[in-house]
$ cat data_1.pdb   # PDB, C-alpha atoms
MODEL        1
ATOM      1  CA  MET M 170      73.866 -39.538 -66.963
ATOM      2  CA  ILE M 171      72.494 -37.437 -64.084
ATOM      3  CA  ASP M 172      74.654 -34.513 -62.965
ATOM      4  CA  CYS M 173      75.813 -34.831 -59.357
ATOM      5  CA  LYS M 174      73.629 -32.696 -57.087
ATOM      6  CA  GLY M 175      76.102 -32.841 -54.225
ATOM      7  CA  LYS M 176      77.771 -35.108 -51.719
ATOM      8  CA  ILE M 177      76.050 -36.850 -48.800
ATOM      9  CA  ALA M 178      77.967 -38.747 -46.117
ATOM     10  CA  VAL M 179      76.375 -41.232 -43.724
ATOM     11  CA  LEU M 180      77.695 -42.652 -40.463
ATOM     12  CA  THR M 181      76.521 -44.769 -37.555
ATOM     13  CA  SER M 182      77.428 -43.719 -34.037
ATOM     14  CA  GLY M 183      76.942 -44.787 -30.438
ATOM     15  CA  GLY M 184      75.592 -48.201 -29.504
ATOM     16  CA  ASP M 185      74.711 -50.423 -32.449
ATOM     17  CA  ALA M 186      71.037 -51.182 -33.083
ATOM     18  CA  PRO M 187      69.443 -53.787 -35.374
ATOM     19  CA  GLY M 188      68.193 -51.976 -38.471
ATOM     20  CA  MET M 189      71.071 -49.509 -38.773
ATOM     21  CA  ASN M 190      72.256 -51.319 -41.909
ATOM     22  CA  ALA M 191      68.802 -50.944 -43.457
ATOM     23  CA  ALA M 192      68.929 -47.187 -42.801
ATOM     24  CA  VAL M 193      72.393 -46.862 -44.345
ATOM     25  CA  ARG M 194      71.242 -48.884 -47.361
ATOM     26  CA  ALA M 195      68.243 -46.587 -47.821
ATOM     27  CA  VAL M 196      70.356 -43.424 -47.587
ATOM     28  CA  VAL M 197      72.848 -44.747 -50.129
ATOM     29  CA  ARG M 198      70.346 -46.062 -52.668
ATOM     30  CA  THR M 199      67.913 -43.148 -52.388
ATOM     31  CA  GLY M 200      70.776 -40.674 -52.599
ATOM     32  CA  ILE M 201      72.146 -42.309 -55.743
ATOM     33  CA  ALA M 202      68.657 -42.472 -57.274
ATOM     34  CA  LYS M 203      68.221 -38.733 -56.692
ATOM     35  CA  GLY M 204      71.560 -37.832 -58.252
ATOM     36  CA  TYR M 205      73.902 -37.494 -55.256
ATOM     37  CA  GLU M 206      77.265 -39.012 -54.513
ATOM     38  CA  VAL M 207      76.922 -40.866 -51.210
ATOM     39  CA  TYR M 208      79.870 -41.633 -48.952
ATOM     40  CA  GLY M 209      80.076 -44.068 -46.059
ATOM     41  CA  VAL M 210      82.003 -42.975 -42.975
ATOM     42  CA  LYS M 211      83.518 -45.816 -40.978
ATOM     43  CA  ARG M 212      83.692 -45.786 -37.169
ATOM     44  CA  GLY M 213      81.418 -42.832 -36.519
ATOM     45  CA  TYR M 214      82.765 -39.359 -35.882
ATOM     46  CA  ASN M 215      86.208 -40.864 -35.417
ATOM     47  CA  GLY M 216      86.053 -41.859 -39.072
ATOM     48  CA  ILE M 217      85.594 -38.255 -40.158
ATOM     49  CA  LEU M 218      88.652 -37.179 -38.207
ATOM     50  CA  ASN M 219      90.682 -40.047 -39.733
ATOM     51  CA  LYS M 220      89.168 -39.552 -43.201
ATOM     52  CA  GLU M 221      87.811 -43.103 -43.338
ATOM     53  CA  ILE M 222      85.292 -41.979 -45.919
ATOM     54  CA  ASP M 223      84.535 -44.021 -49.046
ATOM     55  CA  LEU M 224      82.277 -43.466 -52.036
ATOM     56  CA  MET M 225      79.389 -45.951 -51.893
ATOM     57  CA  THR M 226      77.742 -47.711 -54.809
ATOM     58  CA  PHE M 227      74.343 -49.358 -55.155
ATOM     59  CA  ARG M 228      76.071 -52.743 -54.878
ATOM     60  CA  ASP M 229      78.070 -51.827 -51.759
ATOM     61  CA  VAL M 230      74.904 -52.013 -49.645
ATOM     62  CA  SER M 231      73.638 -55.312 -51.071
ATOM     63  CA  GLU M 232      73.078 -58.176 -48.611
ATOM     64  CA  LYS M 233      73.216 -55.802 -45.636
ATOM     65  CA  LEU M 234      69.514 -55.401 -44.863
ATOM     66  CA  GLN M 235      69.081 -58.655 -42.911
ATOM     67  CA  HIS M 236      72.096 -58.296 -40.643
ATOM     68  CA  GLY M 237      72.269 -56.733 -37.182
ATOM     69  CA  GLY M 238      75.009 -54.400 -36.047
ATOM     70  CA  THR M 239      76.451 -51.852 -38.456
ATOM     71  CA  PHE M 240      78.749 -52.669 -41.365
ATOM     72  CA  LEU M 241      80.096 -49.098 -41.148
ATOM     73  CA  PHE M 242      81.183 -49.884 -37.575
ATOM     74  CA  THR M 243      80.857 -47.538 -34.613
ATOM     75  CA  ALA M 244      83.447 -46.164 -32.209
ATOM     76  CA  ARG M 245      83.857 -43.567 -29.505
ATOM     77  CA  SER M 246      86.033 -40.534 -30.193
ATOM     78  CA  ALA M 247      87.581 -38.591 -27.345
ATOM     79  CA  GLU M 248      88.993 -36.113 -29.864
ATOM     80  CA  PHE M 249      85.561 -35.345 -31.328
ATOM     81  CA  GLY M 250      84.279 -34.702 -27.814
ATOM     82  CA  GLU M 251      86.411 -31.565 -27.686
ATOM     83  CA  ASP M 252      85.566 -28.329 -29.510
ATOM     84  CA  GLU M 253      88.787 -28.528 -31.487
ATOM     85  CA  GLY M 254      87.821 -32.005 -32.686
ATOM     86  CA  LYS M 255      84.457 -30.755 -33.910
ATOM     87  CA  ARG M 256      86.090 -27.843 -35.733
ATOM     88  CA  LYS M 257      88.506 -30.284 -37.351
ATOM     89  CA  ALA M 258      85.641 -32.594 -38.410
ATOM     90  CA  ALA M 259      83.735 -29.660 -39.919
ATOM     91  CA  ALA M 260      86.843 -28.542 -41.793
ATOM     92  CA  ILE M 261      87.337 -32.041 -43.217
ATOM     93  CA  CYS M 262      83.710 -32.151 -44.403
ATOM     94  CA  LYS M 263      84.234 -28.813 -46.137
ATOM     95  CA  GLU M 264      87.539 -29.967 -47.609
ATOM     96  CA  LEU M 265      85.918 -33.089 -49.074
ATOM     97  CA  GLY M 266      82.908 -31.164 -50.366
ATOM     98  CA  ILE M 267      80.398 -33.008 -48.181
ATOM     99  CA  ASP M 268      77.188 -31.005 -48.312
ATOM    100  CA  SER M 269      75.167 -33.006 -45.762
ATOM    101  CA  LEU M 270      75.990 -35.536 -43.068
ATOM    102  CA  VAL M 271      73.406 -38.173 -42.099
ATOM    103  CA  VAL M 272      73.955 -39.388 -38.532
ATOM    104  CA  ILE M 273      72.291 -42.634 -37.416
ATOM    105  CA  GLY M 274      72.430 -43.040 -33.642
ATOM    106  CA  GLY M 275      71.014 -42.102 -30.266
ATOM    107  CA  ASP M 276      70.887 -38.953 -28.171
ATOM    108  CA  GLY M 277      74.663 -38.795 -27.663
ATOM    109  CA  SER M 278      75.221 -39.056 -31.410
ATOM    110  CA  PHE M 279      72.620 -36.351 -31.993
ATOM    111  CA  LYS M 280      74.343 -34.084 -29.503
ATOM    112  CA  GLY M 281      77.521 -34.470 -31.544
ATOM    113  CA  ALA M 282      75.559 -33.696 -34.704
ATOM    114  CA  LYS M 283      73.992 -30.620 -33.102
ATOM    115  CA  ASP M 284      77.414 -29.349 -32.068
ATOM    116  CA  LEU M 285      78.804 -30.030 -35.542
ATOM    117  CA  SER M 286      75.990 -28.033 -37.116
ATOM    118  CA  LYS M 287      77.245 -24.958 -35.270
ATOM    119  CA  TYR M 288      80.403 -25.178 -37.368
ATOM    120  CA  GLY M 289      78.513 -25.072 -40.656
ATOM    121  CA  VAL M 290      77.847 -28.746 -41.410
ATOM    122  CA  ASN M 291      74.281 -29.598 -42.450
ATOM    123  CA  VAL M 292      73.327 -32.585 -40.290
ATOM    124  CA  ILE M 293      70.329 -34.889 -40.629
ATOM    125  CA  GLY M 294      69.697 -37.328 -37.793
ATOM    126  CA  ILE M 295      68.003 -40.743 -37.876
ATOM    127  CA  PRO M 296      67.186 -42.265 -34.457
ATOM    128  CA  GLY M 297      68.990 -45.590 -34.099
ATOM    129  CA  THR M 298      68.880 -46.865 -30.515
ATOM    130  CA  ILE M 299      67.252 -49.826 -28.808
ATOM    131  CA  ASP M 300      66.394 -47.653 -25.791
ATOM    132  CA  LEU M 301      63.484 -45.689 -27.343
ATOM    133  CA  ASP M 302      64.602 -42.756 -25.211
ATOM    134  CA  ILE M 303      64.543 -39.919 -27.771
ATOM    135  CA  ALA M 304      61.763 -37.467 -27.010
ATOM    136  CA  TYR M 305      60.742 -36.148 -30.420
ATOM    137  CA  THR M 306      60.040 -39.551 -32.011
ATOM    138  CA  GLU M 307      57.586 -42.328 -31.194
ATOM    139  CA  TYR M 308      59.920 -44.970 -32.572
ATOM    140  CA  THR M 309      63.659 -45.621 -32.752
ATOM    141  CA  ILE M 310      65.437 -48.148 -34.954
ATOM    142  CA  GLY M 311      66.339 -51.335 -33.077
ATOM    143  CA  PHE M 312      63.732 -51.166 -30.332
ATOM    144  CA  ASP M 313      61.418 -53.796 -31.794
ATOM    145  CA  THR M 314      64.218 -56.308 -32.367
ATOM    146  CA  ALA M 315      65.642 -55.739 -28.884
ATOM    147  CA  VAL M 316      62.247 -56.249 -27.253
ATOM    148  CA  ASN M 317      61.585 -59.427 -29.232
ATOM    149  CA  THR M 318      65.040 -60.793 -28.393
ATOM    150  CA  ALA M 319      64.504 -60.095 -24.696
ATOM    151  CA  MET M 320      60.949 -61.445 -24.793
ATOM    152  CA  GLU M 321      62.094 -64.786 -26.196
ATOM    153  CA  ALA M 322      64.842 -65.081 -23.579
ATOM    154  CA  ILE M 323      62.452 -64.217 -20.741
ATOM    155  CA  ASP M 324      59.953 -66.834 -21.941
ATOM    156  CA  LYS M 325      62.693 -69.458 -21.630
ATOM    157  CA  ILE M 326      63.736 -68.271 -18.171
ATOM    158  CA  ARG M 327      60.118 -68.345 -17.007
ATOM    159  CA  GLU M 328      59.797 -71.999 -18.031
ATOM    160  CA  THR M 329      62.741 -73.066 -15.898
ATOM    161  CA  SER M 330      61.594 -70.747 -13.107
ATOM    162  CA  ASN M 331      58.252 -72.544 -13.166
ATOM    163  CA  SER M 332      59.917 -75.972 -13.030
ATOM    164  CA  HIS M 333      61.919 -75.044  -9.945
ATOM    165  CA  GLU M 334      59.218 -72.851  -8.314
ATOM    166  CA  ARG M 335      61.611 -69.928  -8.283
ATOM    167  CA  CYS M 336      61.432 -66.186  -8.396
ATOM    168  CA  SER M 337      63.428 -64.760 -11.321
ATOM    169  CA  VAL M 338      64.841 -61.236 -11.494
ATOM    170  CA  ILE M 339      65.622 -60.475 -15.141
ATOM    171  CA  GLU M 340      67.515 -57.321 -16.068
ATOM    172  CA  VAL M 341      67.025 -55.815 -19.529
ATOM    173  CA  MET M 342      68.861 -52.978 -21.263
ATOM    174  CA  GLY M 343      67.665 -49.414 -21.806
ATOM    175  CA  ARG M 344      70.147 -47.248 -19.887
ATOM    176  CA  SER M 345      68.044 -44.747 -17.927
ATOM    177  CA  SER M 346      64.914 -45.489 -19.965
ATOM    178  CA  GLY M 347      62.399 -48.158 -18.952
ATOM    179  CA  TYR M 348      60.677 -48.797 -22.285
ATOM    180  CA  ILE M 349      62.267 -52.194 -22.965
ATOM    181  CA  ALA M 350      61.406 -53.272 -19.430
ATOM    182  CA  LEU M 351      57.837 -52.005 -19.755
ATOM    183  CA  TRP M 352      57.184 -53.742 -23.063
ATOM    184  CA  CYS M 353      58.790 -56.987 -21.907
ATOM    185  CA  GLY M 354      56.824 -56.799 -18.683
ATOM    186  CA  ILE M 355      53.569 -56.686 -20.624
ATOM    187  CA  ALA M 356      54.630 -59.140 -23.345
ATOM    188  CA  ASN M 357      56.035 -61.688 -20.894
ATOM    189  CA  GLY M 358      53.350 -61.311 -18.247
ATOM    190  CA  ALA M 359      55.803 -60.274 -15.541
ATOM    191  CA  GLU M 360      54.452 -60.095 -12.014
ATOM    192  CA  GLN M 361      56.433 -56.919 -11.324
ATOM    193  CA  ILE M 362      58.241 -54.339 -13.485
ATOM    194  CA  LEU M 363      60.874 -51.970 -12.100
ATOM    195  CA  LEU M 364      61.344 -48.806 -14.166
ATOM    196  CA  PRO M 365      63.739 -45.896 -13.485
ATOM    197  CA  GLU M 366      60.933 -43.436 -14.252
ATOM    198  CA  LYS M 367      58.553 -44.974 -11.703
ATOM    199  CA  TYR M 368      60.479 -46.842  -9.032
ATOM    200  CA  ASN M 369      61.036 -45.327  -5.571
ATOM    201  CA  ASN M 370      63.489 -47.876  -4.113
ATOM    202  CA  ASP M 371      60.803 -49.532  -2.002
ATOM    203  CA  TRP M 372      62.386 -52.982  -1.707
ATOM    204  CA  GLU M 373      59.961 -53.997   1.003
ATOM    205  CA  LYS M 374      56.990 -53.549  -1.332
ATOM    206  CA  ILE M 375      58.570 -55.926  -3.842
ATOM    207  CA  ILE M 376      59.048 -58.548  -1.155
ATOM    208  CA  GLU M 377      55.509 -58.058   0.154
ATOM    209  CA  GLU M 378      54.076 -58.596  -3.332
ATOM    210  CA  ILE M 379      56.100 -61.782  -3.760
ATOM    211  CA  LYS M 380      54.859 -63.163  -0.449
ATOM    212  CA  LYS M 381      51.229 -62.345  -1.248
ATOM    213  CA  ASN M 382      51.470 -63.912  -4.691
ATOM    214  CA  ARG M 383      52.940 -67.102  -3.214
ATOM    215  CA  ALA M 384      50.185 -67.139  -0.590
ATOM    216  CA  ILE M 385      47.475 -67.230  -3.285
ATOM    217  CA  GLY M 386      49.125 -70.164  -5.017
ATOM    218  CA  MET M 387      51.568 -68.694  -7.530
ATOM    219  CA  THR M 388      54.439 -71.166  -7.784
ATOM    220  CA  HIS M 389      56.863 -68.898  -9.628
ATOM    221  CA  GLN M 390      57.279 -65.203 -10.324
ATOM    222  CA  VAL M 391      59.143 -63.011 -12.796
ATOM    223  CA  ILE M 392      60.402 -59.509 -12.027
ATOM    224  CA  ILE M 393      61.637 -57.422 -14.959
ATOM    225  CA  ASN M 394      64.304 -54.994 -13.811
ATOM    226  CA  ALA M 395      65.456 -52.105 -15.995
ATOM    227  CA  GLU M 396      69.164 -51.450 -16.490
ATOM    228  CA  GLY M 397      68.718 -47.962 -15.053
ATOM    229  CA  ILE M 398      67.885 -49.524 -11.682
ATOM    230  CA  GLY M 399      70.345 -52.410 -11.845
ATOM    231  CA  HIS M 400      71.646 -54.318  -8.799
ATOM    232  CA  SER M 401      69.740 -57.418  -9.922
ATOM    233  CA  TYR M 402      71.977 -59.905  -8.117
ATOM    234  CA  GLY M 403      71.663 -57.952  -4.886
ATOM    235  CA  LEU M 404      67.882 -57.795  -5.281
ATOM    236  CA  ALA M 405      67.684 -61.553  -5.892
ATOM    237  CA  LYS M 406      69.720 -62.238  -2.762
ATOM    238  CA  ARG M 407      67.547 -59.913  -0.686
ATOM    239  CA  ILE M 408      64.340 -61.552  -1.939
ATOM    240  CA  GLU M 409      65.582 -65.047  -1.168
ATOM    241  CA  GLU M 410      66.720 -64.067   2.327
ATOM    242  CA  ALA M 411      63.420 -62.329   3.109
ATOM    243  CA  THR M 412      61.033 -64.896   1.613
ATOM    244  CA  GLY M 413      62.849 -68.213   1.649
ATOM    245  CA  ILE M 414      61.946 -68.584  -2.058
ATOM    246  CA  GLU M 415      64.812 -69.651  -4.303
ATOM    247  CA  THR M 416      65.602 -66.585  -6.431
ATOM    248  CA  ARG M 417      67.899 -66.202  -9.416
ATOM    249  CA  ALA M 418      69.050 -63.126 -11.298
ATOM    250  CA  SER M 419      69.695 -63.044 -15.051
ATOM    251  CA  ILE M 420      71.199 -60.068 -16.878
ATOM    252  CA  LEU M 421      70.415 -60.335 -20.584
ATOM    253  CA  GLY M 422      73.012 -57.755 -21.569
ATOM    254  CA  HIS M 423      74.244 -57.047 -25.072
ATOM    255  CA  MET M 424      72.475 -59.967 -26.709
ATOM    256  CA  GLN M 425      69.596 -57.483 -26.995
ATOM    257  CA  ARG M 426      71.584 -55.339 -29.419
ATOM    258  CA  GLY M 427      72.323 -58.156 -31.840
ATOM    259  CA  GLY M 428      70.433 -60.392 -34.205
ATOM    260  CA  SER M 429      68.650 -60.032 -37.498
ATOM    261  CA  PRO M 430      66.308 -57.013 -37.386
ATOM    262  CA  THR M 431      62.569 -57.594 -37.354
ATOM    263  CA  ALA M 432      60.342 -56.570 -40.250
ATOM    264  CA  ARG M 433      59.294 -53.467 -38.338
ATOM    265  CA  ASP M 434      62.877 -52.341 -37.806
ATOM    266  CA  ARG M 435      63.797 -53.026 -41.431
ATOM    267  CA  VAL M 436      60.810 -51.097 -42.775
ATOM    268  CA  CYS M 437      61.036 -48.156 -40.349
ATOM    269  CA  ALA M 438      64.781 -47.838 -40.915
ATOM    270  CA  SER M 439      64.363 -47.962 -44.686
ATOM    271  CA  VAL M 440      61.618 -45.335 -44.699
ATOM    272  CA  MET M 441      63.534 -43.009 -42.381
ATOM    273  CA  GLY M 442      66.727 -43.430 -44.421
ATOM    274  CA  SER M 443      64.947 -42.506 -47.641
ATOM    275  CA  TYR M 444      63.161 -39.616 -45.941
ATOM    276  CA  ALA M 445      66.497 -38.228 -44.737
ATOM    277  CA  VAL M 446      67.620 -37.895 -48.353
ATOM    278  CA  ASP M 447      64.251 -36.405 -49.335
ATOM    279  CA  ILE M 448      64.602 -33.544 -46.857
ATOM    280  CA  ILE M 449      68.183 -32.925 -48.001
ATOM    281  CA  ASP M 450      66.835 -32.757 -51.555
ATOM    282  CA  GLN M 451      64.258 -30.212 -50.364
ATOM    283  CA  GLY M 452      67.047 -27.979 -49.072
ATOM    284  CA  LYS M 453      66.244 -28.420 -45.389
ATOM    285  CA  LYS M 454      69.011 -27.935 -42.836
ATOM    286  CA  ASN M 455      69.792 -29.516 -39.487
ATOM    287  CA  ARG M 456      66.741 -31.748 -39.064
ATOM    288  CA  LEU M 457      66.003 -34.962 -37.203
ATOM    289  CA  VAL M 458      63.855 -37.675 -38.783
ATOM    290  CA  GLY M 459      61.331 -39.561 -36.682
ATOM    291  CA  TYR M 460      57.845 -40.959 -36.380
ATOM    292  CA  LYS M 461      54.845 -39.015 -35.082
ATOM    293  CA  ASN M 462      51.286 -40.342 -35.068
ATOM    294  CA  GLY M 463      52.502 -43.308 -37.079
ATOM    295  CA  SER M 464      53.984 -41.270 -39.945
ATOM    296  CA  VAL M 465      57.531 -40.236 -40.747
ATOM    297  CA  TYR M 466      58.298 -36.547 -40.219
ATOM    298  CA  ASP M 467      61.185 -34.196 -39.437
ATOM    299  CA  VAL M 468      61.851 -31.615 -36.768
ATOM    300  CA  ASP M 469      64.440 -28.884 -36.204
ATOM    301  CA  ILE M 470      67.361 -30.269 -34.207
ATOM    302  CA  ASP M 471      67.256 -27.479 -31.591
ATOM    303  CA  GLU M 472      63.503 -27.910 -31.147
ATOM    304  CA  ALA M 473      63.947 -31.646 -30.698
ATOM    305  CA  PHE M 474      66.488 -31.195 -27.910
ATOM    306  CA  ALA M 475      64.020 -29.045 -25.972
ATOM    307  CA  MET M 476      61.547 -31.951 -25.743
ATOM    308  CA  GLU M 477      61.271 -34.430 -22.865
ATOM    309  CA  LYS M 478      60.104 -38.034 -22.913
ATOM    310  CA  SER M 479      58.355 -40.001 -20.202
ATOM    311  CA  ILE M 480      56.870 -43.454 -19.742
ATOM    312  CA  ASP M 481      53.342 -43.945 -21.079
ATOM    313  CA  ASP M 482      51.221 -43.854 -17.924
ATOM    314  CA  TYR M 483      48.412 -45.916 -19.412
ATOM    315  CA  GLN M 484      50.775 -48.690 -20.531
ATOM    316  CA  TYR M 485      52.283 -48.707 -17.041
ATOM    317  CA  THR M 486      48.823 -48.964 -15.455
ATOM    318  CA  VAL M 487      47.933 -51.840 -17.780
ATOM    319  CA  ALA M 488      51.173 -53.623 -16.876
ATOM    320  CA  ASN M 489      50.329 -53.382 -13.183
ATOM    321  CA  ILE M 490      46.746 -54.567 -13.620
ATOM    322  CA  LEU M 491      47.753 -57.564 -15.713
ATOM    323  CA  GLY M 492      50.849 -58.521 -13.785
ATOM    324  CA  THR M 493      50.126 -58.174 -10.092
ATOM    325  CA  ARG M 494      48.053 -60.384  -7.833
ATOM    326  CA  CYS M 495      44.324 -60.875  -8.399
ATOM    327  CA  ASP M 496      43.223 -58.429  -5.681
ATOM    328  CA  TYR M 497      45.001 -55.445  -7.301
ATOM    329  CA  LYS M 498      42.701 -52.431  -7.491
ATOM    330  CA  VAL M 499      43.080 -49.369  -9.699
ATOM    331  CA  ILE M 500      42.751 -46.244  -7.578
TER     332      ILE M 500
ENDMDL
END
$ encode --input "data_1.pdb" --output "C-alpha cells"
Amino acid sequence: MIDCKGKIAVLTSGGDAPGMNAAVRAVVRTGIAKGYEVYGVKRGYNGILNKEIDLMTFRDVSEKLQHGGTFLFTARSAEFGEDEGKRKAAAICKELGIDSLVVIGGDGSFKGAKDLSKYGVNVIGIPGTIDLDIAYTEYTIGFDTAVNTAMEAIDKIRETSNSHERCSVIEVMGRSSGYIALWCGIANGAEQILLPEKYNNDWEKIIEEIKKNRAIGMTHQVIINAEGIGHSYGLAKRIEEATGIETRASILGHMQRGGSPTARDRVCASVMGSYAVDIIDQGKKNRLVGYKNGSVYDVDIDEAFAMEKSIDDYQYTVANILGTRCDYKVI
C-alpha cells in the first residue's frame, strides 16, 4: 500500500461548462494513482465554508466523463466574497489537512483562488468556462461544446430564415467576450458578426449592409450578436422598421452550457486535470493550468492576472471577408 503523500481537494465554481466532470475525474484518478487522498468539494467555495467535503474513490468518478454540467455542483457564496469568509475557508482547509485546492472555473473563480492563496492555501486553477475569456490560456474547458451546440442551433434557424426570406438576429453567450460569436459567425457563415471587442454601436451600418445584401439577391441573412452587446430584440425591431424585411431575434441562452462534452473538451479537460496533480506532485504553488502553443503548461497565478486577452484580428478579418457582400474589400 502506498503511503499518503497528502490531501488534495477539488471543486467546480462559477458557471458550469461541459467537460468539468472530465477534469474532476482526472484530478481524482491521477491523485489516487500518485498516492494522494483526493476530496470532492460540493457547491464551490460555499462547500468549503459548509464543510461539504467528501473523500473520493476511483469508482466515485465512474460514468461522469460523458455528462455535461458538474456532478460536484456549483453555487455562489456571498460569505466567501468577504475577507472574513476567505479567512474562514483557509482555516477549514488547514483544519482538514488539505494541502492543495484544485479550482475548476472561470476568471471569477480564479480571483477567489488568488485571494485564498494569500491566506496560505496552495491553489491550482484549471480554466473551465465556455467564454474563452481567460488571457493566459489558448483554450478553456467547455468552449468547443458550447460553440458546436450554438452552431447546430444556428444552422436550424438559418433554414427557416431562408424559407421565410427573413433576417435573423441570433444572440450567443460569452459575457463580455466575443469568441463564441466569432467562431459561430465563421462556422455558420453569418453575414454579420457583432462583437463587444469590435463593435462601435453603428446601427446604421448594420442596416446599410442588410439593404445592400438584399439588393444583390440575398434572400435571407443571419447576424450573430454577442451577449456582451445584447438588445437583440430591439435590434431586430429596428432592422425590420428600417428595411421592411421580416426580422426575428433568437437568444440561445443557457442551452450552450449544457450537453455531452465534445471529444476535444473531454481530452483537454482530462489532460489539464492530470497536469494539475503533476504540478502539485512537483511541489509547485499557486499555479494556473492552461494551453499555450497547443501544449499544456502552467503559469504563476499573479502573472496570469496581469495578462490581457483580445479577439484574434486575423480571424475577425476572415469572418468579414467570408460573411459580407461580394464587393467587400480588405483595406
$ closest_residue --input "data_1.pdb" --among "M:Arg228, M:Arg417, M:Lys255, M:His423" --to "Ala186 in chain M" --atoms "all atoms listed in the file"
M:His423
$ resolve_selection --input "data_1.pdb" --expression "the PyMOL selection byres ((chain M and resi 437) around 12)" --output "PyMOL selection string"
chain M and resi 187-192+195+295-297+307-314+430-436+438-444+458-460+463-466
$ closest_residue --input "data_1.pdb" --among "M:Ile362, M:Ile414, M:Met320, M:Leu457" --to "Val487 in chain M" --atoms "only C-alpha atoms"
M:Ile362
$ axis_aligned_box --input "data_1.pdb" --around "range 245-256 of chain M" --padding-each-side "4 Å" --output "lines of an AutoDock Vina configuration file"
center_x = 86.4
center_y = -35.7
center_z = -31.5
size_x = 13.1
size_y = 23.7
size_z = 16.4
$ atom_distance --input "data_1.pdb" --atom1 "CA of Tyr288 in chain M" --atom2 "CA of Asp185 in chain M"
26.3 Å
$ closest_residue --input "data_1.pdb" --among "M:Thr306, M:Thr329, M:Ser337, M:Thr493" --to "Lys381 in chain M" --atoms "all atoms listed in the file"
M:Thr493
$ closest_residue --input "data_1.pdb" --among "M:Cys353, M:Val446, M:Glu264, M:Glu477" --to "Lys174 in chain M" --atoms "only C-alpha atoms"
M:Val446
$ resolve_selection --input "data_1.pdb" --expression "the PyMOL selection byres ((chain M and resi 372-374) around 12)" --output "list in words"
Gln361, Leu363, Tyr368, Asn369, Asn370, Asp371, Ile375, Ile376, Glu377, Glu378, Ile379, Lys380, Lys381, Ile398, His400, Ser401, Gly403, Leu404, Ala405, Lys406, Arg407, Ile408, Ala411 and Thr412 of chain M
$ atom_distance --input "data_1.pdb" --atom1 "CA of Asn291 in chain M" --atom2 "CA of Asn455 in chain M"
5.4 Å
$ resolve_selection --input "data_1.pdb" --expression "the PyMOL selection byres ((chain M and resi 211) around 7)" --output "list in words"
Leu180, Gly209, Val210, Arg212, Gly213, Gly216, Glu221, Ile222, Leu241 and Phe242 of chain M
$ atom_distance --input "data_1.pdb" --atom1 "CA of Phe474 in chain M" --atom2 "CA of Ser246 in chain M"
21.8 Å
$ closest_residue --input "data_1.pdb" --among "M:Asp302, M:Asp252, M:Asp268, M:Glu232" --to "Leu285 in chain M" --atoms "all atoms listed in the file"
M:Asp252
